[in-house]
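Student: This is the content of target-v3.pdb (PDB, C-alpha atoms):
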```pdb
MODEL        1
ATOM      1  CA  MET A   1     -48.755  35.031 -35.670
ATOM      2  CA  PRO A   2     -49.660  31.542 -36.905
ATOM      3  CA  LEU A   3     -46.906  29.774 -38.794
ATOM      4  CA  ALA A   4     -47.635  29.161 -42.470
ATOM      5  CA  PRO A   5     -48.240  25.486 -43.295
ATOM      6  CA  HIS A   6     -45.101  25.125 -45.415
ATOM      7  CA  LEU A   7     -43.075  26.537 -42.532
ATOM      8  CA  VAL A   8     -44.668  24.116 -40.061
ATOM      9  CA  THR A   9     -43.794  21.256 -42.424
ATOM     10  CA  PHE A  10     -40.195  22.403 -42.704
ATOM     11  CA  LEU A  11     -39.773  22.924 -38.953
ATOM     12  CA  SER A  12     -41.376  19.539 -38.280
ATOM     13  CA  ASP A  13     -39.012  17.815 -40.697
ATOM     14  CA  HIS A  14     -35.969  19.161 -38.848
ATOM     15  CA  ARG A  15     -35.096  19.220 -35.177
ATOM     16  CA  VAL A  16     -32.022  21.334 -34.537
ATOM     17  CA  GLY A  17     -31.523  25.034 -35.105
ATOM     18  CA  VAL A  18     -29.252  27.874 -34.135
ATOM     19  CA  LEU A  19     -30.584  30.005 -31.314
ATOM     20  CA  ALA A  20     -29.418  33.615 -31.161
ATOM     21  CA  THR A  21     -29.806  35.997 -28.271
ATOM     22  CA  VAL A  22     -28.159  39.307 -27.388
ATOM     23  CA  SER A  23     -25.673  39.536 -24.523
ATOM     24  CA  ALA A  24     -25.580  42.284 -21.890
ATOM     25  CA  ASP A  25     -22.871  44.058 -23.897
ATOM     26  CA  GLY A  26     -25.032  44.032 -27.036
ATOM     27  CA  ARG A  27     -23.357  41.196 -28.923
ATOM     28  CA  PRO A  28     -25.009  38.296 -30.701
ATOM     29  CA  ARG A  29     -24.639  34.898 -29.025
ATOM     30  CA  GLN A  30     -25.472  31.631 -30.726
ATOM     31  CA  SER A  31     -25.734  27.973 -29.857
ATOM     32  CA  LEU A  32     -27.101  24.832 -31.433
ATOM     33  CA  VAL A  33     -30.353  23.619 -29.870
ATOM     34  CA  TYR A  34     -33.071  21.043 -30.352
ATOM     35  CA  TYR A  35     -36.469  22.656 -30.651
ATOM     36  CA  ALA A  36     -40.120  21.595 -30.469
ATOM     37  CA  PHE A  37     -43.500  23.299 -30.935
ATOM     38  CA  ASP A  38     -46.423  23.977 -28.682
ATOM     39  CA  GLY A  39     -48.978  25.519 -31.010
ATOM     40  CA  ASP A  40     -47.239  28.544 -32.496
ATOM     41  CA  ARG A  41     -44.590  28.748 -29.790
ATOM     42  CA  LEU A  42     -41.159  27.322 -30.393
ATOM     43  CA  LEU A  43     -39.723  25.528 -27.363
ATOM     44  CA  VAL A  44     -36.123  25.027 -26.295
ATOM     45  CA  SER A  45     -35.088  23.228 -23.116
ATOM     46  CA  THR A  46     -32.345  24.907 -21.111
ATOM     47  CA  VAL A  47     -31.077  25.590 -17.605
ATOM     48  CA  ALA A  48     -31.977  28.807 -15.788
ATOM     49  CA  ASP A  49     -28.442  30.033 -15.243
ATOM     50  CA  ARG A  50     -27.200  29.481 -18.802
ATOM     51  CA  TRP A  51     -26.475  32.581 -20.838
ATOM     52  CA  LYS A  52     -29.300  31.837 -23.290
ATOM     53  CA  ALA A  53     -31.840  31.939 -20.456
ATOM     54  CA  ARG A  54     -30.305  35.041 -18.892
ATOM     55  CA  ASP A  55     -30.218  36.866 -22.243
ATOM     56  CA  VAL A  56     -33.887  36.059 -22.878
ATOM     57  CA  GLU A  57     -34.948  37.158 -19.407
ATOM     58  CA  ARG A  58     -33.090  40.446 -19.833
ATOM     59  CA  THR A  59     -34.063  41.236 -23.451
ATOM     60  CA  GLY A  60     -37.333  39.363 -24.090
ATOM     61  CA  TRP A  61     -36.299  38.406 -27.605
ATOM     62  CA  ALA A  62     -34.678  35.491 -29.459
ATOM     63  CA  SER A  63     -34.165  34.128 -32.968
ATOM     64  CA  LEU A  64     -34.012  30.563 -34.265
ATOM     65  CA  ALA A  65     -32.493  29.628 -37.641
ATOM     66  CA  VAL A  66     -33.122  26.187 -39.125
ATOM     67  CA  ARG A  67     -31.557  24.796 -42.285
ATOM     68  CA  GLY A  68     -31.869  21.670 -44.348
ATOM     69  CA  ASP A  69     -28.936  19.274 -44.753
ATOM     70  CA  GLU A  70     -28.522  19.230 -48.527
ATOM     71  CA  PRO A  71     -27.725  21.931 -51.082
ATOM     72  CA  PRO A  72     -29.292  24.371 -51.810
ATOM     73  CA  TYR A  73     -29.811  24.322 -48.027
ATOM     74  CA  PRO A  74     -33.411  25.410 -47.496
ATOM     75  CA  SER A  75     -33.655  27.580 -44.406
ATOM     76  CA  ALA A  76     -36.000  29.542 -42.220
ATOM     77  CA  THR A  77     -35.322  32.161 -39.577
ATOM     78  CA  ILE A  78     -37.924  32.904 -36.956
ATOM     79  CA  ALA A  79     -37.628  35.627 -34.347
ATOM     80  CA  GLY A  80     -39.970  37.027 -31.802
ATOM     81  CA  PRO A  81     -40.787  37.746 -28.185
ATOM     82  CA  ALA A  82     -39.126  35.153 -26.010
ATOM     83  CA  ALA A  83     -39.611  34.139 -22.391
ATOM     84  CA  ILE A  84     -38.335  31.729 -19.771
ATOM     85  CA  VAL A  85     -41.245  29.569 -18.653
ATOM     86  CA  ARG A  86     -41.133  27.916 -15.236
ATOM     87  CA  ASP A  87     -44.587  26.346 -15.140
ATOM     88  CA  ASP A  88     -45.763  23.457 -17.300
ATOM     89  CA  VAL A  89     -42.068  22.467 -17.538
ATOM     90  CA  PRO A  90     -42.645  18.671 -17.361
ATOM     91  CA  ARG A  91     -45.035  18.596 -20.355
ATOM     92  CA  LEU A  92     -43.009  21.059 -22.444
ATOM     93  CA  THR A  93     -39.701  19.320 -21.650
ATOM     94  CA  ALA A  94     -41.238  16.026 -22.793
ATOM     95  CA  LEU A  95     -42.151  17.676 -26.129
ATOM     96  CA  VAL A  96     -38.507  18.666 -26.611
ATOM     97  CA  ALA A  97     -37.277  15.240 -25.436
ATOM     98  CA  GLN A  98     -39.523  13.605 -28.050
ATOM     99  CA  ARG A  99     -37.667  15.500 -30.766
ATOM    100  CA  VAL A 100     -34.221  14.846 -29.286
ATOM    101  CA  MET A 101     -34.975  11.123 -29.145
ATOM    102  CA  GLY A 102     -36.870  11.020 -32.436
ATOM    103  CA  LEU A 103     -39.969   9.408 -30.906
ATOM    104  CA  ASP A 104     -43.495   9.333 -32.346
ATOM    105  CA  GLU A 105     -44.980  10.387 -29.009
ATOM    106  CA  PRO A 106     -43.609  12.445 -26.104
ATOM    107  CA  PRO A 107     -41.990  10.281 -23.417
ATOM    108  CA  GLU A 108     -43.487  10.094 -19.922
ATOM    109  CA  PRO A 109     -42.859  13.543 -18.365
ATOM    110  CA  GLN A 110     -40.250  13.793 -15.627
ATOM    111  CA  SER A 111     -41.459  15.049 -12.273
ATOM    112  CA  GLU A 112     -41.664  18.767 -11.628
ATOM    113  CA  GLU A 113     -39.407  18.287  -8.593
ATOM    114  CA  ALA A 114     -36.668  16.546 -10.583
ATOM    115  CA  LEU A 115     -36.715  19.173 -13.318
ATOM    116  CA  LYS A 116     -36.669  22.005 -10.796
ATOM    117  CA  ALA A 117     -33.744  20.409  -8.944
ATOM    118  CA  ALA A 118     -31.835  20.285 -12.256
ATOM    119  CA  GLY A 119     -32.652  23.947 -12.938
ATOM    120  CA  ARG A 120     -34.538  22.996 -16.101
ATOM    121  CA  VAL A 121     -36.692  25.696 -17.678
ATOM    122  CA  ILE A 122     -38.270  26.193 -21.104
ATOM    123  CA  LEU A 123     -37.307  29.014 -23.417
ATOM    124  CA  THR A 124     -40.233  29.975 -25.657
ATOM    125  CA  ILE A 125     -40.243  32.042 -28.833
ATOM    126  CA  GLU A 126     -43.437  33.439 -30.343
ATOM    127  CA  ALA A 127     -43.050  33.556 -34.111
ATOM    128  CA  ASP A 128     -43.357  37.256 -34.803
ATOM    129  CA  GLN A 129     -40.853  37.969 -37.543
ATOM    130  CA  ILE A 130     -40.318  35.325 -40.174
ATOM    131  CA  GLY A 131     -36.921  36.319 -41.461
ATOM    132  CA  PRO A 132     -34.886  35.088 -44.383
ATOM    133  CA  THR A 133     -36.556  31.951 -45.735
ATOM    134  CA  SER A 134     -35.161  30.316 -48.816
ATOM    135  CA  TYR A 135     -35.864  27.320 -50.994
ATOM    136  CA  LEU A 136     -38.852  26.227 -48.928
ATOM    137  CA  GLU A 137     -41.659  24.674 -50.901
ATOM    138  CA  GLU A 138     -44.772  26.782 -50.377
ATOM    139  CA  GLU A 139     -47.921  24.751 -50.424
ATOM    140  CA  SER A 140     -50.307  25.757 -53.164
TER     141      SER A 140
ATOM    142  CA  MET B 141      -6.667  34.475 -32.282
ATOM    143  CA  PRO B 142      -5.532  31.578 -34.500
ATOM    144  CA  LEU B 143      -8.167  28.921 -35.020
ATOM    145  CA  ALA B 144      -7.287  25.540 -33.503
ATOM    146  CA  PRO B 145      -6.482  22.896 -36.130
ATOM    147  CA  HIS B 146      -9.537  20.752 -35.329
ATOM    148  CA  LEU B 147     -11.728  23.841 -35.774
ATOM    149  CA  VAL B 148     -10.095  24.672 -39.119
ATOM    150  CA  THR B 149     -10.751  21.096 -40.238
ATOM    151  CA  PHE B 150     -14.400  21.317 -39.213
ATOM    152  CA  LEU B 151     -14.950  24.707 -40.838
ATOM    153  CA  SER B 152     -13.217  23.511 -44.009
ATOM    154  CA  ASP B 153     -15.425  20.423 -44.185
ATOM    155  CA  HIS B 154     -18.577  22.565 -44.146
ATOM    156  CA  ARG B 155     -19.529  25.627 -46.110
ATOM    157  CA  VAL B 156     -22.726  27.161 -44.790
ATOM    158  CA  GLY B 157     -23.399  28.673 -41.394
ATOM    159  CA  VAL B 158     -25.854  30.911 -39.622
ATOM    160  CA  LEU B 159     -24.678  34.496 -39.300
ATOM    161  CA  ALA B 160     -25.988  36.523 -36.369
ATOM    162  CA  THR B 161     -25.813  40.275 -35.951
ATOM    163  CA  VAL B 162     -27.646  42.733 -33.707
ATOM    164  CA  SER B 163     -30.214  45.131 -35.150
ATOM    165  CA  ALA B 164     -30.507  48.822 -34.296
ATOM    166  CA  ASP B 165     -33.248  47.985 -31.790
ATOM    167  CA  GLY B 166     -31.017  45.443 -30.028
ATOM    168  CA  ARG B 167     -32.504  42.250 -31.411
ATOM    169  CA  PRO B 168     -30.653  39.257 -32.829
ATOM    170  CA  ARG B 169     -30.901  38.786 -36.593
ATOM    171  CA  GLN B 170     -29.822  35.633 -38.359
ATOM    172  CA  SER B 171     -29.450  34.378 -41.907
ATOM    173  CA  LEU B 172     -27.890  31.423 -43.666
ATOM    174  CA  VAL B 173     -24.633  32.242 -45.447
ATOM    175  CA  TYR B 174     -21.794  30.555 -47.282
ATOM    176  CA  TYR B 175     -18.451  31.361 -45.666
ATOM    177  CA  ALA B 176     -14.761  31.109 -46.562
ATOM    178  CA  PHE B 177     -11.455  31.823 -44.801
ATOM    179  CA  ASP B 178      -8.626  34.223 -45.396
ATOM    180  CA  GLY B 179      -6.081  33.235 -42.763
ATOM    181  CA  ASP B 180      -7.931  33.549 -39.467
ATOM    182  CA  ARG B 181     -10.655  35.797 -40.834
ATOM    183  CA  LEU B 182     -14.006  34.351 -41.789
ATOM    184  CA  LEU B 183     -15.431  35.833 -44.980
ATOM    185  CA  VAL B 184     -19.047  36.283 -46.067
ATOM    186  CA  SER B 185     -20.066  37.915 -49.342
ATOM    187  CA  THR B 186     -22.942  40.364 -49.091
ATOM    188  CA  VAL B 187     -24.348  43.609 -50.465
ATOM    189  CA  ALA B 188     -23.635  46.923 -48.739
ATOM    190  CA  ASP B 189     -27.255  47.880 -48.098
ATOM    191  CA  ARG B 190     -28.367  44.531 -46.646
ATOM    192  CA  TRP B 191     -29.170  44.465 -42.955
ATOM    193  CA  LYS B 192     -26.248  42.163 -42.172
ATOM    194  CA  ALA B 193     -23.800  44.717 -43.567
ATOM    195  CA  ARG B 194     -25.525  47.637 -41.872
ATOM    196  CA  ASP B 195     -25.607  45.827 -38.519
ATOM    197  CA  VAL B 196     -21.890  45.043 -38.745
ATOM    198  CA  GLU B 197     -20.969  48.590 -39.695
ATOM    199  CA  ARG B 198     -22.974  49.932 -36.769
ATOM    200  CA  THR B 199     -21.936  47.378 -34.106
ATOM    201  CA  GLY B 200     -18.564  45.994 -35.242
ATOM    202  CA  TRP B 201     -19.452  42.483 -34.137
ATOM    203  CA  ALA B 202     -20.876  39.253 -35.596
ATOM    204  CA  SER B 203     -21.188  35.566 -34.824
ATOM    205  CA  LEU B 204     -21.223  32.519 -37.107
ATOM    206  CA  ALA B 205     -22.604  29.101 -36.104
ATOM    207  CA  VAL B 206     -21.758  26.028 -38.172
ATOM    208  CA  ARG B 207     -23.169  22.537 -37.665
ATOM    209  CA  GLY B 208     -22.650  19.127 -39.152
ATOM    210  CA  ASP B 209     -25.435  17.353 -41.006
ATOM    211  CA  GLU B 210     -25.766  14.163 -38.989
ATOM    212  CA  PRO B 211     -26.657  13.448 -35.345
ATOM    213  CA  PRO B 212     -25.173  14.219 -32.866
ATOM    214  CA  TYR B 213     -24.754  17.395 -34.961
ATOM    215  CA  PRO B 214     -21.218  18.603 -34.259
ATOM    216  CA  SER B 215     -21.160  22.384 -34.110
ATOM    217  CA  ALA B 216     -18.944  25.393 -33.597
ATOM    218  CA  THR B 217     -19.794  29.002 -32.851
ATOM    219  CA  ILE B 218     -17.302  31.727 -33.623
ATOM    220  CA  ALA B 219     -17.801  35.369 -32.766
ATOM    221  CA  GLY B 220     -15.596  38.404 -32.910
ATOM    222  CA  PRO B 221     -14.918  41.846 -34.270
ATOM    223  CA  ALA B 222     -16.531  42.180 -37.676
ATOM    224  CA  ALA B 223     -16.100  44.681 -40.476
ATOM    225  CA  ILE B 224     -17.333  45.495 -43.959
ATOM    226  CA  VAL B 225     -14.354  45.399 -46.304
ATOM    227  CA  ARG B 226     -14.475  47.362 -49.554
ATOM    228  CA  ASP B 227     -10.958  46.770 -50.845
ATOM    229  CA  ASP B 228      -9.592  43.427 -52.046
ATOM    230  CA  VAL B 229     -13.225  42.514 -52.837
ATOM    231  CA  PRO B 230     -12.468  40.623 -56.105
ATOM    232  CA  ARG B 231     -10.002  38.204 -54.473
ATOM    233  CA  LEU B 232     -12.087  37.682 -51.324
ATOM    234  CA  THR B 233     -15.319  37.244 -53.294
ATOM    235  CA  ALA B 234     -13.591  34.572 -55.387
ATOM    236  CA  LEU B 235     -12.665  32.715 -52.161
ATOM    237  CA  VAL B 236     -16.343  32.669 -51.164
ATOM    238  CA  ALA B 237     -17.441  31.729 -54.713
ATOM    239  CA  GLN B 238     -15.044  28.762 -54.597
ATOM    240  CA  ARG B 239     -16.922  27.428 -51.573
ATOM    241  CA  VAL B 240     -20.370  28.146 -53.021
ATOM    242  CA  MET B 241     -19.449  26.279 -56.197
ATOM    243  CA  GLY B 242     -17.453  23.553 -54.424
ATOM    244  CA  LEU B 243     -14.317  24.106 -56.535
ATOM    245  CA  ASP B 244     -10.741  23.044 -55.717
ATOM    246  CA  GLU B 245      -9.409  26.486 -56.609
ATOM    247  CA  PRO B 246     -10.959  29.962 -56.517
ATOM    248  CA  PRO B 247     -12.550  30.958 -59.836
ATOM    249  CA  GLU B 248     -11.137  33.855 -61.859
ATOM    250  CA  PRO B 249     -11.979  37.009 -59.829
ATOM    251  CA  GLN B 250     -14.682  39.302 -61.181
ATOM    252  CA  SER B 251     -13.629  42.854 -61.941
ATOM    253  CA  GLU B 252     -13.610  45.448 -59.181
ATOM    254  CA  GLU B 253     -15.929  47.604 -61.288
ATOM    255  CA  ALA B 254     -18.518  44.854 -61.733
ATOM    256  CA  LEU B 255     -18.521  43.993 -58.040
ATOM    257  CA  LYS B 256     -18.771  47.655 -57.052
ATOM    258  CA  ALA B 257     -21.671  48.185 -59.465
ATOM    259  CA  ALA B 258     -23.469  45.257 -57.808
ATOM    260  CA  GLY B 259     -22.819  46.697 -54.333
ATOM    261  CA  ARG B 260     -20.790  43.623 -53.373
ATOM    262  CA  VAL B 261     -18.734  43.885 -50.184
ATOM    263  CA  ILE B 262     -17.094  41.368 -47.871
ATOM    264  CA  LEU B 263     -18.128  40.917 -44.261
ATOM    265  CA  THR B 264     -15.188  39.712 -42.166
ATOM    266  CA  ILE B 265     -15.193  38.182 -38.698
ATOM    267  CA  GLU B 266     -12.024  37.829 -36.638
ATOM    268  CA  ALA B 267     -12.320  34.718 -34.494
ATOM    269  CA  ASP B 268     -12.170  36.152 -31.004
ATOM    270  CA  GLN B 269     -14.635  34.117 -28.993
ATOM    271  CA  ILE B 270     -14.959  30.448 -29.792
ATOM    272  CA  GLY B 271     -18.343  29.738 -28.332
ATOM    273  CA  PRO B 272     -20.222  26.514 -27.836
ATOM    274  CA  THR B 273     -18.386  23.766 -29.696
ATOM    275  CA  SER B 274     -19.625  20.246 -29.395
ATOM    276  CA  TYR B 275     -18.687  16.823 -30.652
ATOM    277  CA  LEU B 276     -15.706  18.089 -32.636
ATOM    278  CA  GLU B 277     -12.741  15.740 -32.770
ATOM    279  CA  GLU B 278      -9.736  17.478 -31.296
ATOM    280  CA  GLU B 279      -6.539  16.498 -32.995
ATOM    281  CA  SER B 280      -4.028  14.854 -30.701
TER     282      SER B 280
ENDMDL
END
```
Please express what this file holds, its structure, as structure tokens.
Tutor:
Amino acid sequence: MPLAPHLVTFLSDHRVGVLATVSADGRPRQSLVYYAFDGDRLLVSTVADRWKARDVERTGWASLAVRGDEPPYPSATIAGPAAIVRDDVPRLTALVAQRVMGLDEPPEPQSEEALKAAGRVILTIEADQIGPTSYLEEES
Amino acid sequence: MPLAPHLVTFLSDHRVGVLATVSADGRPRQSLVYYAFDGDRLLVSTVADRWKARDVERTGWASLAVRGDEPPYPSATIAGPAAIVRDDVPRLTALVAQRVMGLDEPPEPQSEEALKAAGRVILTIEADQIGPTSYLEEES
């Protein structure tokens, strides 16, 4: 599902969100992450043996909640099918690194070998369910 | 489990967080909420027929993630047994309202009848698992 323009603007204006996955015993797990986009996929950089990657591989689903920094705290929650991607990791990791570093362009990608040695993978979320969204300016 | 002093300080200095619960089909659901404390319980005000209340009643578990507003974005994630509380709602709702309104003291509690008519309940989380916490200053 394509993201609405006002949602793309909001997600572009921010760079950290709370990722939620579900553990093997059925409990919600959260952590703060930097995110980027690749078309309508949300991207998070992680390591293959972290719980967030294991939860996504087991359940195929994740949620990301992003909020603004000032009252009334605009926010958006996006959930959908999620996957751990092991190809195209250098390009996608550079997209996340761009956001972490606040650069105008992605940095030079690291080598596939170096990223593989570090266990780096990309967690993707397809925006399928746009959940609670509040105080976002919809474009007319 | 008592919250460590540096965690109490951090949670007191902020007032919104992302609540995560698990839906009936096993997926994570998140929304932005104001929270308060009552001893070591975290409190969220909600309405009995909202999904967050239904998820907690069905699963008995929730997680709350709180982050700071400036890089490097200090954050704390607290999960634990959760419940929907239907007694003591006026006092607990006033504790949450104090945080929403940014007051030094809780406002005069609303009547039990008015809150019941509005379907207002309190979602509580006992801090059981202190998850990813980053960049918080531990008190020496």
Student: Considering only C-alpha atoms, can you say which of B:Ser215, B:Gln238, B:Gln170, B:Thr161 comes closest to His146 of chain B?
Tutor: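 Looking at the shortest contact to His146 of chain B, the residue is B:Ser215.
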Student: Which of these residues is nearest to Val184 of chain B, using all atoms listed in the file: B:Leu243, B:Leu204, B:Gly259, B:Gln250?
Tutor: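 Answer, going by the shortest atom-to-atom distance: B:Leu204.
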Student: Could you tell me, as a ChimeraX atom specification, exactly which residues end up selected when the ChimeraX specification (/B :<8) & /A is applied to this structure?
Tutor: /A:18,20-22,26-32,61-65,67,69,75,77,79,131-132
Student: Once chain A is superposed on chain B with a least-squares fit on all C-alpha pairs taken in order, can you show it as a tab-separated table (two decimals) with C-alpha atoms, keeping the file's coordinate frame?
Tutor:
```
chain	number	residue	atom	x	y	z
A	1	MET	CA	-6.64	34.48	-32.27
A	2	PRO	CA	-5.53	31.60	-34.50
A	3	LEU	CA	-8.15	28.92	-35.01
A	4	ALA	CA	-7.29	25.54	-33.51
A	5	PRO	CA	-6.49	22.88	-36.12
A	6	HIS	CA	-9.55	20.75	-35.35
A	7	LEU	CA	-11.72	23.84	-35.78
A	8	VAL	CA	-10.08	24.67	-39.12
A	9	THR	CA	-10.75	21.09	-40.25
A	10	PHE	CA	-14.39	21.31	-39.22
A	11	LEU	CA	-14.94	24.71	-40.84
A	12	SER	CA	-13.20	23.51	-44.01
A	13	ASP	CA	-15.41	20.43	-44.19
A	14	HIS	CA	-18.56	22.57	-44.15
A	15	ARG	CA	-19.54	25.63	-46.12
A	16	VAL	CA	-22.73	27.17	-44.77
A	17	GLY	CA	-23.39	28.68	-41.38
A	18	VAL	CA	-25.81	30.92	-39.58
A	19	LEU	CA	-24.66	34.51	-39.30
A	20	ALA	CA	-26.00	36.54	-36.39
A	21	THR	CA	-25.81	40.28	-35.96
A	22	VAL	CA	-27.63	42.74	-33.71
A	23	SER	CA	-30.21	45.14	-35.14
A	24	ALA	CA	-30.50	48.84	-34.27
A	25	ASP	CA	-33.24	47.99	-31.76
A	26	GLY	CA	-30.99	45.45	-30.02
A	27	ARG	CA	-32.48	42.24	-31.41
A	28	PRO	CA	-30.64	39.26	-32.83
A	29	ARG	CA	-30.90	38.80	-36.60
A	30	GLN	CA	-29.86	35.63	-38.38
A	31	SER	CA	-29.45	34.39	-41.92
A	32	LEU	CA	-27.89	31.43	-43.66
A	33	VAL	CA	-24.63	32.24	-45.45
A	34	TYR	CA	-21.78	30.56	-47.27
A	35	TYR	CA	-18.46	31.36	-45.68
A	36	ALA	CA	-14.77	31.11	-46.57
A	37	PHE	CA	-11.46	31.82	-44.81
A	38	ASP	CA	-8.64	34.22	-45.40
A	39	GLY	CA	-6.09	33.23	-42.77
A	40	ASP	CA	-7.93	33.54	-39.47
A	41	ARG	CA	-10.66	35.79	-40.84
A	42	LEU	CA	-14.00	34.34	-41.79
A	43	LEU	CA	-15.44	35.83	-44.98
A	44	VAL	CA	-19.04	36.28	-46.07
A	45	SER	CA	-20.07	37.91	-49.34
A	46	THR	CA	-22.95	40.37	-49.09
A	47	VAL	CA	-24.34	43.62	-50.46
A	48	ALA	CA	-23.65	46.93	-48.74
A	49	ASP	CA	-27.25	47.88	-48.09
A	50	ARG	CA	-28.37	44.54	-46.64
A	51	TRP	CA	-29.18	44.49	-42.96
A	52	LYS	CA	-26.26	42.17	-42.17
A	53	ALA	CA	-23.80	44.72	-43.57
A	54	ARG	CA	-25.53	47.64	-41.86
A	55	ASP	CA	-25.61	45.82	-38.51
A	56	VAL	CA	-21.89	45.03	-38.75
A	57	GLU	CA	-20.98	48.59	-39.69
A	58	ARG	CA	-22.98	49.93	-36.75
A	59	THR	CA	-21.94	47.37	-34.09
A	60	GLY	CA	-18.57	45.98	-35.23
A	61	TRP	CA	-19.46	42.47	-34.14
A	62	ALA	CA	-20.89	39.25	-35.61
A	63	SER	CA	-21.24	35.54	-34.86
A	64	LEU	CA	-21.19	32.51	-37.14
A	65	ALA	CA	-22.56	29.10	-36.12
A	66	VAL	CA	-21.73	26.01	-38.18
A	67	ARG	CA	-23.14	22.53	-37.66
A	68	GLY	CA	-22.62	19.12	-39.15
A	69	ASP	CA	-25.43	17.33	-41.01
A	70	GLU	CA	-25.73	14.13	-39.00
A	71	PRO	CA	-26.59	13.42	-35.36
A	72	PRO	CA	-25.12	14.21	-32.88
A	73	TYR	CA	-24.70	17.38	-34.97
A	74	PRO	CA	-21.17	18.59	-34.26
A	75	SER	CA	-21.12	22.37	-34.12
A	76	ALA	CA	-18.93	25.39	-33.61
A	77	THR	CA	-19.81	28.99	-32.87
A	78	ILE	CA	-17.32	31.72	-33.62
A	79	ALA	CA	-17.81	35.37	-32.76
A	80	GLY	CA	-15.61	38.38	-32.92
A	81	PRO	CA	-14.93	41.84	-34.27
A	82	ALA	CA	-16.53	42.17	-37.67
A	83	ALA	CA	-16.09	44.68	-40.48
A	84	ILE	CA	-17.33	45.50	-43.96
A	85	VAL	CA	-14.35	45.40	-46.31
A	86	ARG	CA	-14.48	47.36	-49.56
A	87	ASP	CA	-10.96	46.76	-50.84
A	88	ASP	CA	-9.59	43.44	-52.05
A	89	VAL	CA	-13.22	42.52	-52.85
A	90	PRO	CA	-12.47	40.63	-56.11
A	91	ARG	CA	-10.00	38.20	-54.48
A	92	LEU	CA	-12.08	37.69	-51.33
A	93	THR	CA	-15.32	37.24	-53.30
A	94	ALA	CA	-13.60	34.57	-55.40
A	95	LEU	CA	-12.67	32.72	-52.17
A	96	VAL	CA	-16.35	32.67	-51.17
A	97	ALA	CA	-17.44	31.74	-54.71
A	98	GLN	CA	-15.05	28.77	-54.60
A	99	ARG	CA	-16.92	27.43	-51.58
A	100	VAL	CA	-20.37	28.15	-53.02
A	101	MET	CA	-19.44	26.28	-56.20
A	102	GLY	CA	-17.46	23.56	-54.44
A	103	LEU	CA	-14.33	24.11	-56.55
A	104	ASP	CA	-10.76	23.04	-55.74
A	105	GLU	CA	-9.42	26.48	-56.64
A	106	PRO	CA	-10.97	29.97	-56.54
A	107	PRO	CA	-12.56	30.96	-59.85
A	108	GLU	CA	-11.15	33.86	-61.88
A	109	PRO	CA	-11.99	37.01	-59.85
A	110	GLN	CA	-14.68	39.31	-61.20
A	111	SER	CA	-13.63	42.87	-61.95
A	112	GLU	CA	-13.61	45.44	-59.18
A	113	GLU	CA	-15.93	47.61	-61.29
A	114	ALA	CA	-18.53	44.86	-61.73
A	115	LEU	CA	-18.53	44.00	-58.04
A	116	LYS	CA	-18.78	47.65	-57.04
A	117	ALA	CA	-21.68	48.19	-59.46
A	118	ALA	CA	-23.48	45.25	-57.81
A	119	GLY	CA	-22.82	46.71	-54.35
A	120	ARG	CA	-20.81	43.64	-53.37
A	121	VAL	CA	-18.74	43.89	-50.20
A	122	ILE	CA	-17.09	41.37	-47.87
A	123	LEU	CA	-18.12	40.92	-44.27
A	124	THR	CA	-15.19	39.71	-42.17
A	125	ILE	CA	-15.18	38.17	-38.71
A	126	GLU	CA	-12.02	37.82	-36.64
A	127	ALA	CA	-12.31	34.71	-34.49
A	128	ASP	CA	-12.16	36.16	-31.01
A	129	GLN	CA	-14.61	34.12	-28.98
A	130	ILE	CA	-14.95	30.46	-29.77
A	131	GLY	CA	-18.35	29.75	-28.32
A	132	PRO	CA	-20.25	26.53	-27.81
A	133	THR	CA	-18.39	23.78	-29.66
A	134	SER	CA	-19.62	20.24	-29.39
A	135	TYR	CA	-18.72	16.82	-30.69
A	136	LEU	CA	-15.74	18.10	-32.66
A	137	GLU	CA	-12.81	15.74	-32.82
A	138	GLU	CA	-9.81	17.48	-31.26
A	139	GLU	CA	-6.57	16.49	-32.86
A	140	SER	CA	-4.16	14.86	-30.46
```
Student: Can you pull out the residues contacting Arg50 of chain A? Cut-off 12 Å, using all atoms listed in the file, and skip same-chain residues under 2 positions away; I want them as a count of residues only.
Tutor: 21
Student: What does the distance from atom CA of Ala234 of chain B to atom CA of Leu136 of chain A come to in Å, to one decimal?
Tutor: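 It comes out at 27.4 Å.
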Student: Quick one: pull the distance between atom CA of Val96 of chain A and atom CA of Leu3 of chain A, Å, one decimal.
Tutor: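 Answer for the atom CA of Val96 of chain A to atom CA of Leu3 of chain A separation: 18.5 Å.
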Student: List the residues selected by the PyMOL selection byres ((chain B and resi 176-180) around 9) in the file shown, writing them as a list in words.
Tutor: Met141, Pro142, Leu143, Leu151, Ser152, Arg155, Tyr174, Tyr175, Arg181, Leu182, Leu183, Val184, Leu232, Leu235, Val236, Ala237, Gln238, Arg239, Ile265, Glu266 and Ala267 of chain B
Student: Take the residues from that selection and put them in a file with C-alpha atoms, as a compact mmCIF listing (two decimals), in the frame of the given file.
Tutor:
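Final file, out.txt:
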```txt
# COMPACT_ATOMS: atom_id res chain seq x y z
CA MET B 141 -6.67 34.48 -32.28
CA PRO B 142 -5.53 31.58 -34.50
CA LEU B 143 -8.17 28.92 -35.02
CA LEU B 151 -14.95 24.71 -40.84
CA SER B 152 -13.22 23.51 -44.01
CA ARG B 155 -19.53 25.63 -46.11
CA TYR B 174 -21.79 30.56 -47.28
CA TYR B 175 -18.45 31.36 -45.67
CA ARG B 181 -10.66 35.80 -40.83
CA LEU B 182 -14.01 34.35 -41.79
CA LEU B 183 -15.43 35.83 -44.98
CA VAL B 184 -19.05 36.28 -46.07
CA LEU B 232 -12.09 37.68 -51.32
CA LEU B 235 -12.66 32.72 -52.16
CA VAL B 236 -16.34 32.67 -51.16
CA ALA B 237 -17.44 31.73 -54.71
CA GLN B 238 -15.04 28.76 -54.60
CA ARG B 239 -16.92 27.43 -51.57
CA ILE B 265 -15.19 38.18 -38.70
CA GLU B 266 -12.02 37.83 -36.64
CA ALA B 267 -12.32 34.72 -34.49
```
